[in-house]
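Contents: one structure, followed by commentary.
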Amino acid sequence: MSTFKFKKFTVNQDRCAMKIGTDAVLLGAWCPIENNPFSVLDIGSGTGILSLMLAQRSNAEQIDAIEIDENAFEQCVENFETSPWSNRLFCFHAGLDEFMDEPEDEYDIIICNPPFYSEDYKTKNEQRDLARFQDALPFEELLEAASTLLSEKGIFSVIIPYKEEAKFIGLAKECNLFPFKITRVKGTPIIDPSASEQAKQIKRSLLAFSFSKKEEIEQNELIIETSRHQYTADYIALTKDFYLKM
């Protein structure tokens, strides 16, 4: 599908290697914004979906995105320009290291759906590999940038594979970033006897960090479906402001 219609905006994605998936929508809808952000940074924006969701959810006046791939960058700019919030959205054509050379701003929200395939196999599609594989944006580099660019009361949110959660939290601690909210995502509930073992497992971790270490971390689980295309009340509540059919 080259065009993805949401309730309040449309995203074209025919020129982007990574198409819109559940991960991005989950992160954009879930990312805590209780600090009433003035400024947002979307690292590795792709289509611009996360920036657009945060433009809809918040009153942030400055929403910056960075995208290294030229085709994705151009498409992101187009998606921003045709959205209702075009005056608040701006995309830089740059890699994170280049953007970090002269950091001018601090951001109240930093959000990223990072590439996280760390396996050694690659495809022949360089654009897709860049968007999918972790060596294009190592976790260490991402966390270092977040700790540099985040404002004092800022929030940094990501979605990563559950198997990477402990490692990511450990690396974040080295950058003085501490988790305060964790949601672990499953495909289907264990009560469904027909579900495969893989479907019952926790697939993703949604993580929110700040500079202040909390005594207690808010932790919960989110199950997406009870069966194929039968979505749970929790998932509908989270995404209903965005998906047309929720």
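Chain lettering (A, B, ...) mirrors the order of the structure tokens, residue numbering begins at 1 for each chain separately, and ligand numbering begins at 1 in order of display.
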
All residues 9 Å or closer to range 158-165 of chain A, only C-alpha atoms, same chain fewer than 4 positions away omitted, as a ChimeraX atom specification: /A:23-24,26-27,31,110-116,169-170,184-185,202-209

Using only C-alpha atoms, determine which residues lie at most 8 Å from range 34-47 of chain A, disregarding the query and same-chain residues fewer than 3 positions distant; provide the list as a PDB file with N, CA, C and O atoms, in the first residue's frame.
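Output below, filename out-v2.pdb:
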ATOM      1  N   VAL A  11      -0.282   9.443   4.858  1.00  0.00           N
ATOM      2  CA  VAL A  11       1.149   9.233   4.688  1.00  0.00           C
ATOM      3  C   VAL A  11       1.395   8.482   3.381  1.00  0.00           C
ATOM      4  O   VAL A  11       0.875   7.385   3.180  1.00  0.00           O
ATOM      5  N   ASN A  12       2.167   9.086   2.494  1.00  0.00           N
ATOM      6  CA  ASN A  12       2.627   8.383   1.298  1.00  0.00           C
ATOM      7  C   ASN A  12       3.937   7.680   1.632  1.00  0.00           C
ATOM      8  O   ASN A  12       4.785   8.241   2.327  1.00  0.00           O
ATOM      9  N   GLN A  13       4.088   6.445   1.150  1.00  0.00           N
ATOM     10  CA  GLN A  13       5.262   5.669   1.547  1.00  0.00           C
ATOM     11  C   GLN A  13       5.876   4.876   0.398  1.00  0.00           C
ATOM     12  O   GLN A  13       6.716   4.005   0.615  1.00  0.00           O
ATOM     13  N   CYS A  16       9.733   4.968   0.429  1.00  0.00           N
ATOM     14  CA  CYS A  16      10.421   4.632   1.683  1.00  0.00           C
ATOM     15  C   CYS A  16      10.673   3.132   1.769  1.00  0.00           C
ATOM     16  O   CYS A  16       9.783   2.332   1.470  1.00  0.00           O
ATOM     17  N   MET A  18      11.190   1.349   4.517  1.00  0.00           N
ATOM     18  CA  MET A  18      10.413   0.769   5.611  1.00  0.00           C
ATOM     19  C   MET A  18       9.004   1.346   5.604  1.00  0.00           C
ATOM     20  O   MET A  18       8.817   2.547   5.787  1.00  0.00           O
ATOM     21  N   LYS A  19       8.032   0.475   5.371  1.00  0.00           N
ATOM     22  CA  LYS A  19       6.637   0.900   5.328  1.00  0.00           C
ATOM     23  C   LYS A  19       6.089   1.037   6.750  1.00  0.00           C
ATOM     24  O   LYS A  19       6.677   0.545   7.712  1.00  0.00           O
ATOM     25  N   ILE A  20       4.965   1.710   6.850  1.00  0.00           N
ATOM     26  CA  ILE A  20       4.335   1.889   8.165  1.00  0.00           C
ATOM     27  C   ILE A  20       3.899   0.536   8.699  1.00  0.00           C
ATOM     28  O   ILE A  20       3.256  -0.247   8.010  1.00  0.00           O
ATOM     29  N   LEU A  50       5.961   9.195  12.986  1.00  0.00           N
ATOM     30  CA  LEU A  50       6.032   9.527  14.419  1.00  0.00           C
ATOM     31  C   LEU A  50       5.872  11.029  14.651  1.00  0.00           C
ATOM     32  O   LEU A  50       5.170  11.456  15.579  1.00  0.00           O
ATOM     33  N   SER A  51       6.517  11.842  13.815  1.00  0.00           N
ATOM     34  CA  SER A  51       6.388  13.300  13.929  1.00  0.00           C
ATOM     35  C   SER A  51       4.935  13.724  13.732  1.00  0.00           C
ATOM     36  O   SER A  51       4.419  14.589  14.452  1.00  0.00           O
ATOM     37  N   SER A  58       0.093  16.552  20.484  1.00  0.00           N
ATOM     38  CA  SER A  58       0.661  17.575  21.369  1.00  0.00           C
ATOM     39  C   SER A  58       0.540  18.975  20.758  1.00  0.00           C
ATOM     40  O   SER A  58       0.186  19.128  19.593  1.00  0.00           O
ATOM     41  N   ASN A  59       0.879  19.968  21.579  1.00  0.00           N
ATOM     42  CA  ASN A  59       0.919  21.350  21.094  1.00  0.00           C
ATOM     43  C   ASN A  59       2.353  21.795  20.800  1.00  0.00           C
ATOM     44  O   ASN A  59       2.613  22.999  20.697  1.00  0.00           O
ATOM     45  N   ALA A  60       3.262  20.842  20.695  1.00  0.00           N
ATOM     46  CA  ALA A  60       4.670  21.181  20.445  1.00  0.00           C
ATOM     47  C   ALA A  60       4.785  22.094  19.225  1.00  0.00           C
ATOM     48  O   ALA A  60       4.214  21.812  18.170  1.00  0.00           O
ATOM     49  N   GLU A  61       5.521  23.183  19.388  1.00  0.00           N
ATOM     50  CA  GLU A  61       5.640  24.166  18.303  1.00  0.00           C
ATOM     51  C   GLU A  61       6.791  23.850  17.353  1.00  0.00           C
ATOM     52  O   GLU A  61       6.804  24.304  16.220  1.00  0.00           O
ATOM     53  N   GLN A  62       7.768  23.067  17.837  1.00  0.00           N
ATOM     54  CA  GLN A  62       8.931  22.728  17.011  1.00  0.00           C
ATOM     55  C   GLN A  62       9.061  21.203  16.963  1.00  0.00           C
ATOM     56  O   GLN A  62       9.377  20.572  17.963  1.00  0.00           O
ATOM     57  N   ILE A  63       8.777  20.642  15.801  1.00  0.00           N
ATOM     58  CA  ILE A  63       8.908  19.190  15.626  1.00  0.00           C
ATOM     59  C   ILE A  63       9.899  18.959  14.497  1.00  0.00           C
ATOM     60  O   ILE A  63       9.596  19.179  13.320  1.00  0.00           O
ATOM     61  N   ASP A  64      11.101  18.545  14.884  1.00  0.00           N
ATOM     62  CA  ASP A  64      12.179  18.301  13.922  1.00  0.00           C
ATOM     63  C   ASP A  64      12.341  16.805  13.683  1.00  0.00           C
ATOM     64  O   ASP A  64      12.222  16.002  14.623  1.00  0.00           O
ATOM     65  N   ALA A  65      12.630  16.451  12.450  1.00  0.00           N
ATOM     66  CA  ALA A  65      12.896  15.058  12.096  1.00  0.00           C
ATOM     67  C   ALA A  65      14.220  15.005  11.351  1.00  0.00           C
ATOM     68  O   ALA A  65      14.581  15.957  10.656  1.00  0.00           O
ATOM     69  N   ILE A  66      14.948  13.896  11.505  1.00  0.00           N
ATOM     70  CA  ILE A  66      16.154  13.709  10.691  1.00  0.00           C
ATOM     71  C   ILE A  66      16.065  12.368   9.965  1.00  0.00           C
ATOM     72  O   ILE A  66      15.606  11.372  10.536  1.00  0.00           O
ATOM     73  N   GLU A  67      16.474  12.376   8.713  1.00  0.00           N
ATOM     74  CA  GLU A  67      16.409  11.175   7.875  1.00  0.00           C
ATOM     75  C   GLU A  67      17.606  11.174   6.932  1.00  0.00           C
ATOM     76  O   GLU A  67      17.837  12.139   6.209  1.00  0.00           O
ATOM     77  N   ILE A  68      18.371  10.085   6.939  1.00  0.00           N
ATOM     78  CA  ILE A  68      19.604  10.001   6.150  1.00  0.00           C
ATOM     79  C   ILE A  68      19.351   9.593   4.697  1.00  0.00           C
ATOM     80  O   ILE A  68      20.053  10.017   3.789  1.00  0.00           O
ATOM     81  N   ALA A  72      13.569   8.718   1.300  1.00  0.00           N
ATOM     82  CA  ALA A  72      12.710   8.806   2.481  1.00  0.00           C
ATOM     83  C   ALA A  72      12.607  10.252   2.963  1.00  0.00           C
ATOM     84  O   ALA A  72      11.523  10.719   3.339  1.00  0.00           O
ATOM     85  N   PHE A  73      13.732  10.971   2.941  1.00  0.00           N
ATOM     86  CA  PHE A  73      13.729  12.380   3.336  1.00  0.00           C
ATOM     87  C   PHE A  73      12.749  13.184   2.488  1.00  0.00           C
ATOM     88  O   PHE A  73      11.922  13.951   3.010  1.00  0.00           O
ATOM     89  N   GLN A  75      10.223  12.146   0.754  1.00  0.00           N
ATOM     90  CA  GLN A  75       8.846  11.745   1.005  1.00  0.00           C
ATOM     91  C   GLN A  75       8.348  12.284   2.352  1.00  0.00           C
ATOM     92  O   GLN A  75       7.199  12.716   2.480  1.00  0.00           O
ATOM     93  N   CYS A  76       9.218  12.275   3.347  1.00  0.00           N
ATOM     94  CA  CYS A  76       8.875  12.814   4.660  1.00  0.00           C
ATOM     95  C   CYS A  76       8.485  14.294   4.536  1.00  0.00           C
ATOM     96  O   CYS A  76       7.474  14.733   5.088  1.00  0.00           O
ATOM     97  N   ASN A  79       5.092  14.572   3.038  1.00  0.00           N
ATOM     98  CA  ASN A  79       4.049  14.197   4.007  1.00  0.00           C
ATOM     99  C   ASN A  79       3.824  15.309   5.031  1.00  0.00           C
ATOM    100  O   ASN A  79       2.691  15.557   5.453  1.00  0.00           O
ATOM    101  N   LEU A  96      22.556  10.965  12.004  1.00  0.00           N
ATOM    102  CA  LEU A  96      22.592  11.436  13.384  1.00  0.00           C
ATOM    103  C   LEU A  96      23.947  12.045  13.735  1.00  0.00           C
ATOM    104  O   LEU A  96      24.017  13.088  14.394  1.00  0.00           O
ATOM    105  N   GLU A 106      17.864  21.846  22.384  1.00  0.00           N
ATOM    106  CA  GLU A 106      17.519  20.732  23.256  1.00  0.00           C
ATOM    107  C   GLU A 106      16.061  20.400  22.980  1.00  0.00           C
ATOM    108  O   GLU A 106      15.283  21.267  22.596  1.00  0.00           O
ATOM    109  N   TYR A 107      15.717  19.148  23.188  1.00  0.00           N
ATOM    110  CA  TYR A 107      14.369  18.696  22.861  1.00  0.00           C
ATOM    111  C   TYR A 107      13.679  18.105  24.083  1.00  0.00           C
ATOM    112  O   TYR A 107      14.286  17.373  24.854  1.00  0.00           O
ATOM    113  N   ASP A 108      12.384  18.422  24.211  1.00  0.00           N
ATOM    114  CA  ASP A 108      11.597  17.915  25.339  1.00  0.00           C
ATOM    115  C   ASP A 108      11.154  16.471  25.113  1.00  0.00           C
ATOM    116  O   ASP A 108      10.930  15.726  26.065  1.00  0.00           O
ATOM    117  N   ILE A 109      11.002  16.099  23.859  1.00  0.00           N
ATOM    118  CA  ILE A 109      10.689  14.717  23.491  1.00  0.00           C
ATOM    119  C   ILE A 109      11.671  14.293  22.405  1.00  0.00           C
ATOM    120  O   ILE A 109      11.835  15.001  21.409  1.00  0.00           O
ATOM    121  N   ILE A 110      12.311  13.149  22.598  1.00  0.00           N
ATOM    122  CA  ILE A 110      13.072  12.516  21.514  1.00  0.00           C
ATOM    123  C   ILE A 110      12.458  11.137  21.316  1.00  0.00           C
ATOM    124  O   ILE A 110      12.244  10.393  22.284  1.00  0.00           O
ATOM    125  N   ILE A 111      12.143  10.831  20.075  1.00  0.00           N
ATOM    126  CA  ILE A 111      11.452   9.577  19.774  1.00  0.00           C
ATOM    127  C   ILE A 111      12.169   8.875  18.631  1.00  0.00           C
ATOM    128  O   ILE A 111      12.681   9.524  17.711  1.00  0.00           O
ATOM    129  N   CYS A 112      12.246   7.548  18.705  1.00  0.00           N
ATOM    130  CA  CYS A 112      12.952   6.803  17.662  1.00  0.00           C
ATOM    131  C   CYS A 112      12.440   5.378  17.575  1.00  0.00           C
ATOM    132  O   CYS A 112      12.264   4.704  18.595  1.00  0.00           O
ATOM    133  N   ASN A 113      12.177   4.941  16.352  1.00  0.00           N
ATOM    134  CA  ASN A 113      11.885   3.536  16.065  1.00  0.00           C
ATOM    135  C   ASN A 113      13.130   3.019  15.342  1.00  0.00           C
ATOM    136  O   ASN A 113      13.208   3.040  14.122  1.00  0.00           O
ATOM    137  N   PRO A 114      14.159   2.616  16.111  1.00  0.00           N
ATOM    138  CA  PRO A 114      15.477   2.390  15.497  1.00  0.00           C
ATOM    139  C   PRO A 114      15.546   1.102  14.689  1.00  0.00           C
ATOM    140  O   PRO A 114      14.781   0.170  14.923  1.00  0.00           O
ATOM    141  N   LYS A 153      14.099  18.141  31.617  1.00  0.00           N
ATOM    142  CA  LYS A 153      12.893  17.384  31.980  1.00  0.00           C
ATOM    143  C   LYS A 153      12.370  16.583  30.785  1.00  0.00           C
ATOM    144  O   LYS A 153      11.186  16.242  30.720  1.00  0.00           O
ATOM    145  N   GLY A 154      13.270  16.304  29.833  1.00  0.00           N
ATOM    146  CA  GLY A 154      12.870  15.645  28.597  1.00  0.00           C
ATOM    147  C   GLY A 154      12.571  14.158  28.761  1.00  0.00           C
ATOM    148  O   GLY A 154      12.933  13.526  29.752  1.00  0.00           O
ATOM    149  N   ILE A 155      11.900  13.610  27.744  1.00  0.00           N
ATOM    150  CA  ILE A 155      11.523  12.189  27.696  1.00  0.00           C
ATOM    151  C   ILE A 155      12.025  11.601  26.377  1.00  0.00           C
ATOM    152  O   ILE A 155      11.807  12.177  25.308  1.00  0.00           O
TER     153      ILE A 155
END

DSSP-assigned strand (DSSP E) among range 17-121 of chain A, expressed as a list in words: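 Matching residues, listed in order: Ser39, Val40, Leu41, Asp42, Ile43, Gln62, Ile63, Asp64, Ala65, Ile66, Glu67, Leu89, Phe90, Cys91, Phe92, His93, Tyr107, Asp108, Ile109, Ile110, Ile111 and Cys112 of chain A.
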
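Using only C-alpha atoms, the protein and nucleic acid residues lying no more than 8 Å from Thr239 in chain A, apart from those fewer than 3 places from it along its own chain, are Val25, Leu26, Ala29, Tyr235, Ile236, Phe242, Tyr243 and Met246 of chain A.
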
Prev. selection, N, CA and C atoms, output as a PDB file, in the first residue's frame:
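out_35.pdb written:
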ATOM      1  N   VAL A  25       3.184   2.858  14.863  1.00  0.00           N
ATOM      2  CA  VAL A  25       1.909   3.376  15.371  1.00  0.00           C
ATOM      3  C   VAL A  25       1.829   3.188  16.890  1.00  0.00           C
ATOM      4  N   LEU A  26       2.286   2.054  17.373  1.00  0.00           N
ATOM      5  CA  LEU A  26       2.326   1.824  18.829  1.00  0.00           C
ATOM      6  C   LEU A  26       3.156   2.898  19.521  1.00  0.00           C
ATOM      7  N   ALA A  29       1.623   6.471  19.425  1.00  0.00           N
ATOM      8  CA  ALA A  29       0.439   6.617  20.280  1.00  0.00           C
ATOM      9  C   ALA A  29       0.791   6.506  21.763  1.00  0.00           C
ATOM     10  N   TYR A 235      -5.613  -2.140  23.021  1.00  0.00           N
ATOM     11  CA  TYR A 235      -4.991  -1.719  21.764  1.00  0.00           C
ATOM     12  C   TYR A 235      -5.878  -0.702  21.040  1.00  0.00           C
ATOM     13  N   ILE A 236      -7.186  -0.944  21.046  1.00  0.00           N
ATOM     14  CA  ILE A 236      -8.120   0.000  20.411  1.00  0.00           C
ATOM     15  C   ILE A 236      -8.055   1.352  21.119  1.00  0.00           C
ATOM     16  N   PHE A 242      -6.118   7.397  15.725  1.00  0.00           N
ATOM     17  CA  PHE A 242      -5.323   7.391  14.493  1.00  0.00           C
ATOM     18  C   PHE A 242      -5.903   6.485  13.402  1.00  0.00           C
ATOM     19  N   TYR A 243      -6.122   5.214  13.734  1.00  0.00           N
ATOM     20  CA  TYR A 243      -6.612   4.275  12.712  1.00  0.00           C
ATOM     21  C   TYR A 243      -8.038   4.598  12.296  1.00  0.00           C
ATOM     22  N   MET A 246     -10.776   1.998  13.777  1.00  0.00           N
ATOM     23  CA  MET A 246     -10.814   1.688  15.222  1.00  0.00           C
ATOM     24  C   MET A 246     -11.963   2.459  15.875  1.00  0.00           C
TER      25      MET A 246
END

Range 216-227 of chain A environment, 8 Å, only C-alpha atoms, sequence neighbours closer than 6 positions dropped, as a ChimeraX atom specification: /A:179-189,192,234-235

Residue with smallest distance to Thr10 in chain A - pool A:Asn176, A:Thr22, A:Thr82, A:Asn87, counting only C-alpha atoms: A:Thr82

Among the residues A:Leu238, A:Leu244, A:Ala145, A:Ala94, the one that comes closest to Pro32 in chain A [using only C-alpha atoms]: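 Checking each of A:Leu238, A:Leu244, A:Ala145, A:Ala94 against Pro32 in chain A, counting only C-alpha atoms, the winner is A:Leu238.
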
Among the residues A:Asp241, A:Glu98, A:Glu174, A:Asp14, the one that comes closest to Asn71 in chain A [using only C-alpha atoms]: A:Asp14

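In this structure, CA of Glu102 in chain A sits 10.8 Å away from CA of Leu149 in chain A.
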
Alpha helix (DSSP H) positions in range 21-228 of chain A, given as number ranges by chain: A: 22-30, 49-57, 70-81, 96-101, 126-132, 139-149, 165-174, 197-200

Separation of CA of Gly95 in chain A from CA of Asp69 in chain A, in Å and rounded to one decimal: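 So the two atoms, CA of Gly95 in chain A and CA of Asp69 in chain A, lie 8.5 Å apart.
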
Gap from CA of Phe139 in chain A to CA of Met100 in chain A - Å, one decimal: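 Those two atoms sit 15.2 Å apart.
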
Residue nearest Phe178 in chain A among A:Lys214, A:Arg88, A:Lys245, A:Lys5 (counting only C-alpha atoms):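 Nearest candidate to Phe178 in chain A out of A:Lys214, A:Arg88, A:Lys245, A:Lys5: A:Lys214.
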